[in-house]
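*Asks:* What follows is final08.txt, made up of compact mmCIF, C-alpha atoms:
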# COMPACT_ATOMS: atom_id res chain seq x y z
CA MET N 16 79.36 187.81 96.86
CA SER N 17 82.11 185.76 98.45
CA GLU N 18 85.28 185.49 96.40
CA VAL N 19 85.82 181.87 97.46
CA GLY N 20 86.43 179.91 94.27
CA LEU N 21 86.53 182.98 92.03
CA TYR N 22 89.42 184.03 89.79
CA THR N 23 89.08 187.77 90.21
CA PRO N 24 88.89 190.22 88.58
CA LEU N 25 85.81 188.87 86.86
CA ASN N 26 84.50 189.80 83.41
CA THR N 27 87.90 191.19 82.47
CA LEU N 28 89.95 190.27 79.43
CA LYS N 29 93.30 188.87 80.56
CA PRO N 30 95.96 188.39 77.87
CA VAL N 31 97.49 184.92 77.58
CA ALA N 32 99.65 185.57 74.52
CA SER N 33 99.40 187.67 71.39
CA GLY N 34 95.87 187.40 70.01
CA ILE N 35 94.41 185.26 72.81
CA TRP N 36 92.69 186.23 76.08
CA ILE N 37 90.74 184.60 78.90
CA ALA N 38 87.89 186.07 80.92
CA ASP N 39 86.90 184.60 84.28
CA GLY N 40 83.24 184.56 85.18
CA PRO N 41 81.00 183.95 88.19
CA LEU N 42 80.37 180.61 89.83
CA VAL N 43 77.80 178.24 88.36
CA GLN N 44 76.02 175.45 90.22
CA MET N 45 76.77 172.04 88.73
CA ALA N 46 75.32 168.67 89.68
CA ALA N 47 77.86 166.29 91.28
CA VAL N 48 77.26 163.15 93.41
CA GLY N 49 73.66 164.20 93.98
CA MET N 50 74.54 167.73 95.09
CA ARG N 51 74.76 171.18 93.52
CA VAL N 52 78.34 172.44 93.77
CA PRO N 53 79.88 175.79 92.72
CA PHE N 54 82.22 175.75 89.72
CA PRO N 55 84.31 178.72 88.57
CA THR N 56 83.85 179.58 84.88
CA ARG N 57 86.26 180.80 82.23
CA MET N 58 85.99 181.66 78.55
CA THR N 59 88.70 182.08 75.92
CA VAL N 60 88.74 184.69 73.17
CA VAL N 61 90.90 184.48 70.04
CA ARG N 62 91.25 187.25 67.48
CA LEU N 63 91.41 185.80 63.97
CA ALA N 64 93.41 187.23 61.08
CA ASP N 65 90.43 189.19 59.74
CA GLY N 66 89.90 190.83 63.15
CA GLY N 67 86.85 188.72 64.01
CA LEU N 68 86.59 187.13 67.44
CA TRP N 69 86.26 183.44 68.28
CA CYS N 70 84.65 182.97 71.72
CA HIS N 71 85.05 179.60 73.46
CA SER N 72 82.54 178.67 76.18
CA PRO N 73 81.03 182.14 76.73
CA ILE N 74 80.49 183.02 80.39
CA ALA N 75 77.45 184.79 81.85
CA PRO N 76 76.68 188.00 79.92
CA ASP N 77 78.10 191.18 81.44
CA GLU N 78 78.00 194.70 80.01
CA ALA N 79 81.58 195.56 81.01
CA LEU N 80 82.83 192.40 79.35
CA PHE N 81 80.77 193.13 76.24
CA ALA N 82 82.37 196.59 76.04
CA ALA N 83 85.85 195.09 76.28
CA ILE N 84 84.98 192.48 73.67
CA ASP N 85 83.60 195.14 71.32
CA ALA N 86 86.85 197.07 71.61
CA LEU N 87 88.74 194.02 70.32
CA GLY N 88 86.62 193.39 67.24
CA PRO N 89 83.38 191.87 65.96
CA VAL N 90 82.24 188.60 67.51
CA ARG N 91 82.07 186.03 64.72
CA HIS N 92 81.96 182.63 66.47
CA LEU N 93 80.37 181.30 69.70
CA ILE N 94 81.74 177.88 70.64
CA SER N 95 80.09 175.15 72.72
CA PRO N 96 83.07 172.79 73.31
CA ASN N 97 81.01 170.04 74.96
CA LEU N 98 77.44 169.32 75.97
CA LEU N 99 77.91 170.88 79.43
CA HIS N 100 79.10 174.26 78.11
CA TYR N 101 76.33 176.04 76.24
CA ALA N 102 74.03 177.78 78.72
CA HIS N 103 75.07 181.37 77.88
CA ILE N 104 75.37 181.02 74.13
CA ALA N 105 71.74 182.08 73.59
CA ALA N 106 72.33 185.34 75.49
CA TRP N 107 75.53 186.03 73.54
CA LYS N 108 73.74 185.26 70.30
CA ARG N 109 71.10 187.84 71.16
CA ARG N 110 73.87 190.38 71.78
CA TYR N 111 75.78 189.34 68.64
CA PRO N 112 73.15 188.06 66.20
CA GLN N 113 75.65 188.03 63.32
CA ALA N 114 77.83 185.45 65.13
CA THR N 115 77.72 181.75 64.24
CA ALA N 116 76.81 179.51 67.20
CA TRP N 117 78.72 176.21 66.95
CA ALA N 118 77.33 173.03 68.51
CA SER N 119 79.39 170.30 70.17
CA PRO N 120 78.33 166.63 69.93
CA GLY N 121 75.09 166.04 71.84
CA VAL N 122 74.58 169.62 72.99
CA ARG N 123 71.31 170.13 71.16
CA GLN N 124 69.78 167.12 72.90
CA ARG N 125 71.23 168.20 76.25
CA ALA N 126 69.78 171.71 75.95
CA ALA N 127 66.38 170.30 75.03
CA SER N 128 66.42 167.94 78.02
CA GLN N 129 67.18 170.89 80.31
CA HIS N 130 64.46 173.02 78.68
CA ILE N 131 67.04 175.64 77.67
CA GLU N 132 66.31 177.37 74.37
CA VAL N 133 69.42 177.83 72.25
CA ALA N 134 69.64 177.78 68.46
CA PHE N 135 72.88 176.52 66.93
CA ASP N 136 73.92 177.36 63.38
CA ALA N 137 76.61 174.77 62.65
CA ASP N 138 78.33 171.68 64.07
CA LEU N 139 81.87 171.04 65.30
CA ASP N 140 83.82 167.88 64.50
CA ASP N 141 87.40 166.68 63.99
CA ALA N 142 88.49 169.17 61.35
CA PRO N 143 88.47 172.94 61.86
CA PRO N 144 86.16 174.75 59.44
CA PRO N 145 87.65 177.19 56.92
CA ASP N 146 86.53 180.06 59.18
CA TRP N 147 89.45 179.46 61.55
CA ALA N 148 91.53 176.61 60.11
CA ALA N 149 94.53 178.89 59.54
CA ALA N 150 94.62 180.01 63.16
CA ILE N 151 93.10 177.23 65.28
CA ASP N 152 93.37 173.45 64.99
CA GLN N 153 90.87 171.12 66.63
CA LEU N 154 89.94 167.51 67.25
CA ARG N 155 87.02 165.58 68.69
CA PHE N 156 88.28 163.78 71.80
CA ARG N 157 86.63 160.38 71.53
CA GLY N 158 86.18 157.35 73.75
CA SER N 159 83.60 158.47 76.31
CA ARG N 160 80.17 156.89 76.24
CA VAL N 161 78.67 160.13 77.59
CA LEU N 162 80.63 163.25 76.63
CA GLN N 163 82.86 164.03 73.67
CA GLU N 164 84.73 167.30 73.89
CA ILE N 165 86.11 169.36 71.03
CA VAL N 166 89.63 170.51 71.94
CA PHE N 167 91.45 173.36 70.24
CA LEU N 168 94.97 174.61 69.64
CA HIS N 169 95.72 178.28 69.00
CA ARG N 170 98.56 177.73 66.55
CA ALA N 171 100.47 181.02 66.89
CA SER N 172 100.84 180.78 70.66
CA ALA N 173 100.83 176.96 70.92
CA THR N 174 98.00 177.25 73.45
CA LEU N 175 95.79 174.21 74.01
CA ILE N 176 92.21 175.03 75.04
CA LEU N 177 90.41 172.38 77.11
CA THR N 178 87.11 172.41 78.97
CA ASP N 179 86.36 169.40 81.21
CA LEU N 180 89.02 166.92 80.08
CA ILE N 181 91.15 168.46 82.82
CA GLU N 182 89.73 170.21 85.89
CA ASN N 183 92.31 171.63 88.31
CA PHE N 184 90.69 173.15 91.39
CA GLU N 185 92.89 174.92 93.92
CA ALA N 186 91.91 173.65 97.38
CA GLY N 187 92.33 177.08 98.96
CA LYS N 188 89.73 178.53 96.62
CA LEU N 189 87.10 175.87 97.34
CA PRO N 190 84.31 175.94 99.91
CA THR N 191 84.94 173.32 102.60
CA ALA N 192 82.12 171.07 101.40
CA MET N 193 83.54 170.95 97.89
CA ARG N 194 87.14 170.37 98.94
CA TRP N 195 86.66 166.69 99.79
CA MET N 196 84.58 166.16 96.64
CA ALA N 197 87.38 167.58 94.47
CA ARG N 198 89.91 165.30 96.13
CA LEU N 199 87.60 162.31 95.71
CA GLY N 200 87.15 163.16 92.05
CA GLY N 201 90.90 163.58 91.53
CA VAL N 202 90.62 167.16 90.28
CA THR N 203 92.65 169.04 92.90
CA ASP N 204 95.64 171.19 91.93
CA PRO N 205 98.44 170.44 91.17
CA ASP N 206 97.25 166.99 90.02
CA GLY N 207 94.19 168.03 88.02
CA LYS N 208 92.67 165.65 85.50
CA ALA N 209 89.27 164.56 84.22
CA PRO N 210 86.90 163.91 87.14
CA LEU N 211 86.50 160.29 88.23
CA ASP N 212 82.93 159.92 86.94
CA MET N 213 84.03 161.10 83.49
CA ARG N 214 87.07 158.81 83.46
CA LEU N 215 84.80 155.83 84.11
CA THR N 216 82.86 156.57 80.92
CA TYR N 217 85.97 155.68 78.88
CA LEU N 218 86.14 152.08 80.09
CA GLY N 219 86.42 149.76 77.11
CA HIS N 220 87.27 152.62 74.74
CA LYS N 221 90.53 154.00 76.09
CA ASP N 222 92.31 153.16 72.85
CA GLU N 223 90.25 155.85 71.09
CA ALA N 224 91.13 158.37 73.78
CA ARG N 225 94.83 157.45 73.64
CA ALA N 226 94.85 158.15 69.90
CA CYS N 227 93.33 161.58 70.56
CA LEU N 228 95.87 162.30 73.29
CA ALA N 229 98.67 161.39 70.88
CA ARG N 230 97.34 163.96 68.41
CA MET N 231 97.21 166.61 71.12
CA LEU N 232 100.78 165.89 72.17
CA ALA N 233 101.90 166.03 68.54
CA TRP N 234 100.74 169.65 68.50
CA GLN N 235 103.50 170.34 71.08
CA PRO N 236 101.48 172.84 73.12
CA GLN N 237 103.33 175.25 75.39
CA ARG N 238 100.41 176.07 77.72
CA VAL N 239 96.94 174.76 78.55
CA ILE N 240 93.88 176.90 79.26
CA LEU N 241 91.25 175.20 81.42
CA ALA N 242 87.63 176.20 82.00
CA HIS N 243 87.72 175.21 85.68
CA GLY N 244 90.62 175.90 88.02
CA ARG N 245 94.25 176.88 87.59
CA CYS N 246 95.58 176.81 84.03
CA TYR N 247 98.93 175.30 83.08
CA LEU N 248 100.91 178.19 81.65
CA GLU N 249 104.14 176.23 81.27
CA ASN N 250 105.33 172.62 80.88
CA ALA N 251 102.18 171.82 78.93
CA GLU N 252 103.32 168.52 77.44
CA ALA N 253 104.44 167.17 80.82
CA GLU N 254 101.17 168.29 82.42
CA LEU N 255 99.17 166.53 79.71
CA ALA N 256 101.11 163.28 80.15
CA ARG N 257 100.52 163.47 83.91
CA ALA N 258 96.84 164.43 83.67
CA PHE N 259 96.03 161.64 81.20
CA ARG N 260 98.01 158.86 82.89
CA TRP N 261 94.66 157.21 83.70
CA LEU N 262 94.63 156.13 80.04
CA ASP N 263 97.67 153.87 80.56
Please express what this file holds, its structure, as structure tokens.

*Replies:*
Amino acid sequence: MSEVGLYTPLNTLKPVASGIWIADGPLVQMAAVGMRVPFPTRMTVVRLADGGLWCHSPIAPDEALFAAIDALGPVRHLISPNLLHYAHIAAWKRRYPQATAWASPGVRQRAASQHIEVAFDADLDDAPPPDWAAAIDQLRFRGSRVLQEIVFLHRASATLILTDLIENFEAGKLPTAMRWMARLGGVTDPDGKAPLDMRLTYLGHKDEARACLARMLAWQPQRVILAHGRCYLENAEAELARAFRWLD
């Protein structure tokens, strides 16, 4: 497989800070402007105080990754952060049947419309559940007529975990056909942000989104993990202000 667009090594736990890791996965084909385009994938793993693991946006199942995960601790939570990030939760649930699968707003309906079978056990909203409230804060980023994402902050490391609210594709890692699409959508590094079609869904409701952004900034994050593209491992507050300037 070509490594264009991939953040190798794949299916490998990469430490971000104490108690938090990312794992980069294979490309997935996503619909955009009437085409299928390749997106890199990334999951985040947090180890909670009891040793259990919190897995955000699980990537495609892989035995080597499962072995690395098992060495960290028992998987307790499988997180769908928005209605576009859920496709592999069913496979992870089969591997870790004791884990709780958490649903984002609208994901059950989305999965049904795509004829993808996935059973969720509980729902995510503004407040973190007792299961991880001591370690991870969260909020429901509101304002879009189409997609509401649950965003998270790993308190100990001041790491903000986003999914599609910021996409930050490096042009050199993109196939030629996707390069112009990323620029058109405004999601090219170093000026990543929400893609244009998503930004348009906030028209008339930007005040709700601005309130959510204010809460995120009040967390004073030091770094931002993204699901697609280069993460922001420093200057997090400045990057957030830049990436969300479309709300002004």

*Asks:* At a cut-off of 12 Å, using all atoms listed in the file, what residues contact N:Arg230? Leave out same-chain residues fewer than 3 positions from it and give the result as a ChimeraX atom specification.

*Replies:* /N:141,152-157,166-168,175,223-227,233-236,252,255

*Asks:* With all atoms listed in the file as the atoms that count, which of N:Arg110, N:Arg198, N:His92, N:His100 lies nearest to N:Leu80?

*Replies:*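 Nearest candidate to N:Leu80 out of N:Arg110, N:Arg198, N:His92, N:His100: N:Arg110.
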
*Asks:* Hey, which of N:Ala258, N:Ala171, N:Leu28, N:Ala38 ends up closest to N:Pro210? Count all atoms listed in the file.

*Replies:*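 Smallest separation from N:Pro210 among the options: N:Ala258.
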
*Asks:* Can you tell me how far atom CA of N:Ala75 sits from atom CA of N:Gly207, in Å to one decimal?

*Replies:*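 These atoms are spaced 24.5 Å apart.
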
*Asks:* Hey, what's within 12 Å of N:Phe259 if we count all atoms listed in the file and toss same-chain stuff fewer than 6 positions away? As a list in words, please?

*Replies:* Leu180, Ile181, Glu182, Gly201, Val202, Asp206, Gly207, Lys208, Ala209, Pro210, Leu211, Arg214, Tyr217, Lys221, Ala224, Arg225, Ala226, Cys227, Leu228, Ala229, Met231, Leu232, Glu252 and Ala253 of chain N

*Asks:* Write a file of the just-selected residues containing C-alpha atoms, as a CSV table (one decimal), keeping the file's coordinate frame.

*Replies:*
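Output file again_11.csv follows:
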chain,number,residue,atom,x,y,z
N,180,LEU,CA,89.0,166.9,80.1
N,181,ILE,CA,91.2,168.5,82.8
N,182,GLU,CA,89.7,170.2,85.9
N,201,GLY,CA,90.9,163.6,91.5
N,202,VAL,CA,90.6,167.2,90.3
N,206,ASP,CA,97.2,167.0,90.0
N,207,GLY,CA,94.2,168.0,88.0
N,208,LYS,CA,92.7,165.6,85.5
N,209,ALA,CA,89.3,164.6,84.2
N,210,PRO,CA,86.9,163.9,87.1
N,211,LEU,CA,86.5,160.3,88.2
N,214,ARG,CA,87.1,158.8,83.5
N,217,TYR,CA,86.0,155.7,78.9
N,221,LYS,CA,90.5,154.0,76.1
N,224,ALA,CA,91.1,158.4,73.8
N,225,ARG,CA,94.8,157.4,73.6
N,226,ALA,CA,94.8,158.2,69.9
N,227,CYS,CA,93.3,161.6,70.6
N,228,LEU,CA,95.9,162.3,73.3
N,229,ALA,CA,98.7,161.4,70.9
N,231,MET,CA,97.2,166.6,71.1
N,232,LEU,CA,100.8,165.9,72.2
N,252,GLU,CA,103.3,168.5,77.4
N,253,ALA,CA,104.4,167.2,80.8

*Asks:* Have a look at N:Ile104, N:Ala86, N:Val61, N:Ala114 and name the one nearest to N:Pro73; count all atoms listed in the file.

*Replies:*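 Distance minimum relative to N:Pro73 lands on N:Ile104.
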
*Asks:* Any idea what's packed within 7 Å of N:Pro120, counting only C-alpha atoms, ignoring anything in its chain fewer than 3 positions away? Could you give it as a ChimeraX atom specification?

*Replies:* /N:97-98,163

*Asks:* Could you name the residues that touch stretch 130-132 of chain N at 10 Å or less, counting all atoms listed in the file, but leaving out those on the same chain fewer than 3 positions away, as a PDB file with C-alpha atoms, in the frame of the given file?

*Replies:*
ATOM      1  CA  TYR N 101      76.330 176.040  76.240  1.00  0.00           C
ATOM      2  CA  ALA N 102      74.030 177.780  78.720  1.00  0.00           C
ATOM      3  CA  HIS N 103      75.070 181.370  77.880  1.00  0.00           C
ATOM      4  CA  ILE N 104      75.370 181.020  74.130  1.00  0.00           C
ATOM      5  CA  ALA N 105      71.740 182.080  73.590  1.00  0.00           C
ATOM      6  CA  ARG N 123      71.310 170.130  71.160  1.00  0.00           C
ATOM      7  CA  GLN N 124      69.780 167.120  72.900  1.00  0.00           C
ATOM      8  CA  ARG N 125      71.230 168.200  76.250  1.00  0.00           C
ATOM      9  CA  ALA N 126      69.780 171.710  75.950  1.00  0.00           C
ATOM     10  CA  ALA N 127      66.380 170.300  75.030  1.00  0.00           C
ATOM     11  CA  PHE N 135      72.880 176.520  66.930  1.00  0.00           C
TER      12      PHE N 135
END

*Asks:* Kindly provide, as number ranges by chain, the polymer residues lying within 12 Å of (93.0, 177.1, 85.8), counting only C-alpha atoms and using the coordinates exactly as they appear in the file.

*Replies:* N: 20-22, 37-39, 54-59, 176-179, 181-185, 188, 202-208, 238-248

*Asks:* Interatomic distance between atom CA of N:Ile94 and atom CA of N:Ala118?

*Replies:*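 Straight-line distance from atom CA of N:Ile94 to atom CA of N:Ala118 works out to 6.9 Å.
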
*Asks:* What is the distance, in Å and to one decimal place, between atom CA of N:Leu87 and atom CA of N:Asn26?

*Replies:*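 According to the coordinates, atom CA of N:Leu87 and atom CA of N:Asn26 are separated by 14.4 Å.
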
*Asks:* N:Leu25, N:Val31, N:Ala79, N:Ala192: which is nearest N:Gln237, counting all atoms listed in the file?

*Replies:*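 Of the candidates, the smallest distance to N:Gln237 is held by N:Val31.
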